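As structure tokens, the structure follows; a few thoughts come after it.
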Amino acid sequence: MRHRTAWRAGALVLVLAAAAVVGVALLRGGGGGQPGPPPLKQTPLSAEALVDSIGVSTHFNYLDTAYARRPEIVARLRELGVRHVRAAMPTPPVGPIADGLRELKAAGIRGTLGTGDPNVDPARAVTDALTVMRGSIAAFEGPNELDHSGDPTWPAKLRSYMPGLQAATRSQAPGVPLVGPSFSKAGNNRLGLTLPGMVNLHPYPGGKPPEPVFGEALAEVAGGQGKGVVFTETGYHNAMNDAAAQPPVSEAVAAIYFPRLLVTAFGAGVKRTFVYELADERPEPALADPEEHFGLLRSDLSPKPAFLAIKTLIAALRLSPGPGPRSGGPDWEVRAPGDVDVQQLRLVRGDGSHVIALWRPVSVWDTARLQPIDVPPRRVEIRFGRPARDVAVWRPSVSQAPVLRRALAPQLSLDLGPDLTLISLR
């Protein structure tokens, strides 16, 4: 989880296909082999499943950091609304990790638990995890970025360890999914295709928009996507005075990119995406150490704009006031100028109400100058097959409340900026 390697991402050139009723804009990368966004699902997807796909990394064993304030950390997780955390295995099943996981279980939050040290007997690790969090384990995960350990035998260790972890999981926790090991270098991800467990990727955008970076990462492991893909780390840091490892972004830019990141990953079929990480670990006012500034919370546990954006995204997806929808649900068509690149997902809540997710996969940050890029809004029109009821327009990166409401609307005209827009309707 340290010494991250940023994924390479090239220039973004996208084309909006002809909009179709109840469809997703078909987007493609530019010429010259430049990476483009991943293709998105064109069928309606579950809004609840999108919420369930969002997770965040925690470090309850970092006792000299903000994570030592465990009750406040758990309270912030509940406020955020996430249902999943990524954490280390509690081996042995006592101490700060075990205590933190027990509190998370009591709060209704599930864990994806990484085995960490490949020298620890995987059967023992699974036993200890079940002792602490039985019934609340979402998945077991293989070793983290062993290719960065400096041990030249790391491939052989993984080939030996992962079958043992798979056997321990199947015998002690049948039905609990297995996530494969993660890697620090993109080229090593192909090894994960040959090992037990879902494909495990760490596609850090490195200050760039998430869409082309995710497209490139998923294209590399396309042959293994039938196993399922999990992003167990991804995110942005705000150490504005150190761009050596990965270019930073401002807190405001991170708040724009994070909702797009989460919706893009889900729409591309990623099973779960874990934001790295919940909190900045230590105070570091010089903003010179990236490792101290990946959090959604500052080290004093005050929320950054990205925390509020993700919190609002989750709340808007869950919110469904008023009577149920009419039978059949609404149809719609999104119209935009030919030079405006738009992506969209159709989401359906459990009660049958709908959410349209719209965003423009554009860059809002100059990674060379470390300055924001002004992206003027462009007008798009949503035409409904029949008037939509109880329409609420959310912009999670801008406001924690809807920016527009309509009781009845035959169509909507919106100025679509670079941030994610959600249109809730019946």
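Chain labels A, B, ... are given in the sequence in which chains occur in the structure tokens; within each chain residues are numbered consecutively from 1, and ligands are likewise numbered from 1 in the order shown.
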
>> Set the distance at 9 Å and use only C-alpha atoms: which residues neighbour stretch 309-321 of chain A once local chain neighbours fewer than 4 positions away are removed? I'd like the list as a PyMOL selection string.
In response: chain A and resi 47-48+50-51+54+79-82+255-256+258-259+262+304-305+347+349+351+353+355+390+394-402+422+424-425

Expected file contents, prior selection, N, CA and C atoms, as a CSV table (one decimal), in the first residue's frame:
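Just written: out-v2.csv:
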```csv
chain,number,residue,atom,x,y,z
A,47,ALA,N,-28.8,0.6,-8.9
A,47,ALA,CA,-28.2,1.7,-8.1
A,47,ALA,C,-27.7,1.2,-6.8
A,48,GLU,N,-28.4,0.2,-6.2
A,48,GLU,CA,-27.9,-0.4,-4.9
A,48,GLU,C,-26.6,-1.1,-5.1
A,50,LEU,N,-24.3,-0.3,-7.3
A,50,LEU,CA,-23.3,0.8,-7.4
A,50,LEU,C,-22.8,1.2,-6.0
A,51,VAL,N,-23.8,1.4,-5.1
A,51,VAL,CA,-23.5,1.8,-3.7
A,51,VAL,C,-22.6,0.7,-3.1
A,54,ILE,N,-18.7,0.4,-3.7
A,54,ILE,CA,-17.8,1.5,-3.2
A,54,ILE,C,-17.2,1.0,-1.9
A,79,GLU,N,-20.9,7.8,8.5
A,79,GLU,CA,-21.3,9.1,7.8
A,79,GLU,C,-21.2,9.0,6.3
A,80,LEU,N,-20.0,8.5,5.9
A,80,LEU,CA,-19.8,8.4,4.4
A,80,LEU,C,-20.8,7.5,3.8
A,81,GLY,N,-21.2,6.5,4.4
A,81,GLY,CA,-22.3,5.6,3.8
A,81,GLY,C,-21.7,4.4,3.2
A,82,VAL,N,-20.4,4.2,3.2
A,82,VAL,CA,-19.8,3.0,2.6
A,82,VAL,C,-20.2,1.7,3.4
A,255,ALA,N,-12.4,16.1,-5.7
A,255,ALA,CA,-13.8,16.0,-5.5
A,255,ALA,C,-14.6,15.9,-6.8
A,256,ILE,N,-14.0,16.4,-7.9
A,256,ILE,CA,-14.6,16.2,-9.3
A,256,ILE,C,-14.3,14.8,-9.8
A,258,PHE,N,-13.4,11.9,-8.2
A,258,PHE,CA,-13.8,10.7,-7.5
A,258,PHE,C,-15.1,10.2,-7.8
A,259,PRO,N,-16.2,11.0,-7.9
A,259,PRO,CA,-17.5,10.4,-8.3
A,259,PRO,C,-17.4,9.8,-9.7
A,262,LEU,N,-15.7,6.3,-9.5
A,262,LEU,CA,-16.5,5.3,-8.9
A,262,LEU,C,-17.6,4.8,-9.9
A,304,LYS,N,-12.5,16.3,3.6
A,304,LYS,CA,-12.1,17.0,2.4
A,304,LYS,C,-13.4,17.1,1.5
A,305,PRO,N,-13.3,17.9,0.4
A,305,PRO,CA,-14.4,18.0,-0.5
A,305,PRO,C,-14.8,16.6,-1.1
A,347,LEU,N,-29.4,3.7,-14.2
A,347,LEU,CA,-29.5,3.0,-12.9
A,347,LEU,C,-30.9,2.9,-12.4
A,349,ARG,N,-33.3,1.9,-9.0
A,349,ARG,CA,-33.4,1.6,-7.6
A,349,ARG,C,-34.3,0.4,-7.3
A,351,ASP,N,-37.0,0.2,-5.8
A,351,ASP,CA,-38.4,0.5,-5.9
A,351,ASP,C,-38.8,0.7,-7.3
A,353,SER,N,-37.7,3.2,-9.3
A,353,SER,CA,-37.3,4.6,-9.7
A,353,SER,C,-36.0,4.6,-10.4
A,355,VAL,N,-32.3,6.6,-12.0
A,355,VAL,CA,-31.2,7.6,-11.9
A,355,VAL,C,-30.5,7.6,-13.2
A,390,ASP,N,-41.2,13.8,-10.1
A,390,ASP,CA,-40.3,13.9,-9.0
A,390,ASP,C,-38.8,13.9,-9.4
A,394,TRP,N,-28.8,16.2,-9.1
A,394,TRP,CA,-27.7,16.2,-8.1
A,394,TRP,C,-26.4,16.4,-8.8
A,395,ARG,N,-25.5,17.2,-8.2
A,395,ARG,CA,-24.1,17.4,-8.6
A,395,ARG,C,-23.3,17.2,-7.4
A,396,PRO,N,-22.9,15.9,-7.1
A,396,PRO,CA,-22.3,15.6,-5.8
A,396,PRO,C,-21.0,16.4,-5.5
A,397,SER,N,-20.3,16.8,-6.6
A,397,SER,CA,-19.0,17.5,-6.4
A,397,SER,C,-19.2,19.0,-6.1
A,398,VAL,N,-20.5,19.4,-6.3
A,398,VAL,CA,-20.8,20.8,-6.2
A,398,VAL,C,-21.6,21.1,-4.9
A,399,SER,N,-22.6,20.3,-4.6
A,399,SER,CA,-23.6,20.6,-3.6
A,399,SER,C,-24.0,19.3,-2.9
A,400,GLN,N,-24.3,19.3,-1.6
A,400,GLN,CA,-24.8,18.2,-0.9
A,400,GLN,C,-26.3,18.0,-1.0
A,401,ALA,N,-27.0,19.0,-1.7
A,401,ALA,CA,-28.4,19.0,-1.9
A,401,ALA,C,-28.7,19.0,-3.4
A,402,PRO,N,-29.9,18.6,-3.8
A,402,PRO,CA,-30.2,18.8,-5.3
A,402,PRO,C,-30.1,20.2,-5.7
A,422,LEU,N,-26.3,13.6,-11.6
A,422,LEU,CA,-27.3,12.5,-11.4
A,422,LEU,C,-28.7,13.1,-11.5
A,424,SER,N,-32.5,12.0,-10.9
A,424,SER,CA,-33.3,11.1,-10.2
A,424,SER,C,-34.8,11.4,-10.7
A,425,LEU,N,-35.5,10.3,-11.1
A,425,LEU,CA,-36.8,10.5,-11.7
A,425,LEU,C,-37.7,9.2,-11.5
```

> Could you name the residues that touch A:Phe140 at 10 Å or less, counting only C-alpha atoms, but leaving out those on the same chain fewer than 6 positions away, as a PyMOL selection string?
Replying inline: chain A and resi 86+88-89+111-115+125-126+129+165-166+169+173+176-180+197

>> List the spatial neighbours of stretch 71-75 of chain A as a list in words - criterion: any atom at most 9 Å away, only C-alpha atoms, same-chain residues fewer than 2 positions off excluded.
In response: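 Once the nearby chain positions are removed, what remains is Ala66, Tyr67, Ala68, Arg69, Leu77, Arg78, Glu79, Leu80, Gly100, Glu103, Leu104, Ala107, Leu278, Ala279 and Leu301 of chain A.
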
> Quick one: residues within 12 Å of A:Phe266, only C-alpha atoms counted, chain neighbours fewer than 5 positions away excluded, as an NGL selection string?
Replying inline: :A and (38-41 or 45-55 or 211 or 214 or 228-231 or 259-261 or 271-274 or 344-347 or 357)

> So which residues touch A:Met162 within 9 Å, counting only C-alpha atoms, skipping near sequence neighbours fewer than 6 positions away, as JSON, numbers by chain?
Replying inline: {"A": [118, 122, 142, 143, 180, 181, 195, 196, 197]}

Output N, CA and C atoms of each residue in that selection to a file, as a PDB file, in the first residue's frame.
```pdb
ATOM      1  N   PRO A 118       3.111 -13.527   2.981  1.00  0.00           N
ATOM      2  CA  PRO A 118       2.927 -14.863   2.402  1.00  0.00           C
ATOM      3  C   PRO A 118       3.621 -15.961   3.192  1.00  0.00           C
ATOM      4  N   PRO A 122      -1.758 -19.661   5.411  1.00  0.00           N
ATOM      5  CA  PRO A 122      -3.047 -19.097   5.013  1.00  0.00           C
ATOM      6  C   PRO A 122      -4.222 -19.690   5.785  1.00  0.00           C
ATOM      7  N   GLY A 142      -5.371 -11.860  -1.616  1.00  0.00           N
ATOM      8  CA  GLY A 142      -3.987 -12.294  -1.608  1.00  0.00           C
ATOM      9  C   GLY A 142      -3.026 -11.189  -1.225  1.00  0.00           C
ATOM     10  N   PRO A 143      -1.720 -11.482  -1.193  1.00  0.00           N
ATOM     11  CA  PRO A 143      -0.711 -10.519  -0.750  1.00  0.00           C
ATOM     12  C   PRO A 143      -0.725  -9.233  -1.568  1.00  0.00           C
ATOM     13  N   GLY A 180      -7.440 -12.113  -5.916  1.00  0.00           N
ATOM     14  CA  GLY A 180      -6.041 -12.447  -6.124  1.00  0.00           C
ATOM     15  C   GLY A 180      -5.097 -11.399  -5.565  1.00  0.00           C
ATOM     16  N   PRO A 181      -3.793 -11.605  -5.707  1.00  0.00           N
ATOM     17  CA  PRO A 181      -2.806 -10.636  -5.218  1.00  0.00           C
ATOM     18  C   PRO A 181      -2.795  -9.387  -6.094  1.00  0.00           C
ATOM     19  N   LEU A 195      -3.494 -17.032 -11.504  1.00  0.00           N
ATOM     20  CA  LEU A 195      -3.580 -17.399 -10.092  1.00  0.00           C
ATOM     21  C   LEU A 195      -5.026 -17.448  -9.633  1.00  0.00           C
ATOM     22  N   PRO A 196      -5.318 -18.176  -8.559  1.00  0.00           N
ATOM     23  CA  PRO A 196      -6.694 -18.212  -8.048  1.00  0.00           C
ATOM     24  C   PRO A 196      -7.169 -16.825  -7.608  1.00  0.00           C
ATOM     25  N   GLY A 197      -8.470 -16.593  -7.745  1.00  0.00           N
ATOM     26  CA  GLY A 197      -9.061 -15.357  -7.266  1.00  0.00           C
ATOM     27  C   GLY A 197      -9.366 -14.364  -8.372  1.00  0.00           C
TER      28      GLY A 197
END
```

>> Can you measure atom CA of A:Ile137 to atom CA of A:Tyr62 for me? One decimal in Å is fine.
In response: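 Here the two named atoms are 21.1 Å from each other.
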
> atom CA of A:Pro205 and atom CA of A:Tyr257, how far apart in Å?
Replying inline: 9.8 Å

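Note that atom CA of A:Glu277 and atom CA of A:Asn200 are 16.7 Å apart.
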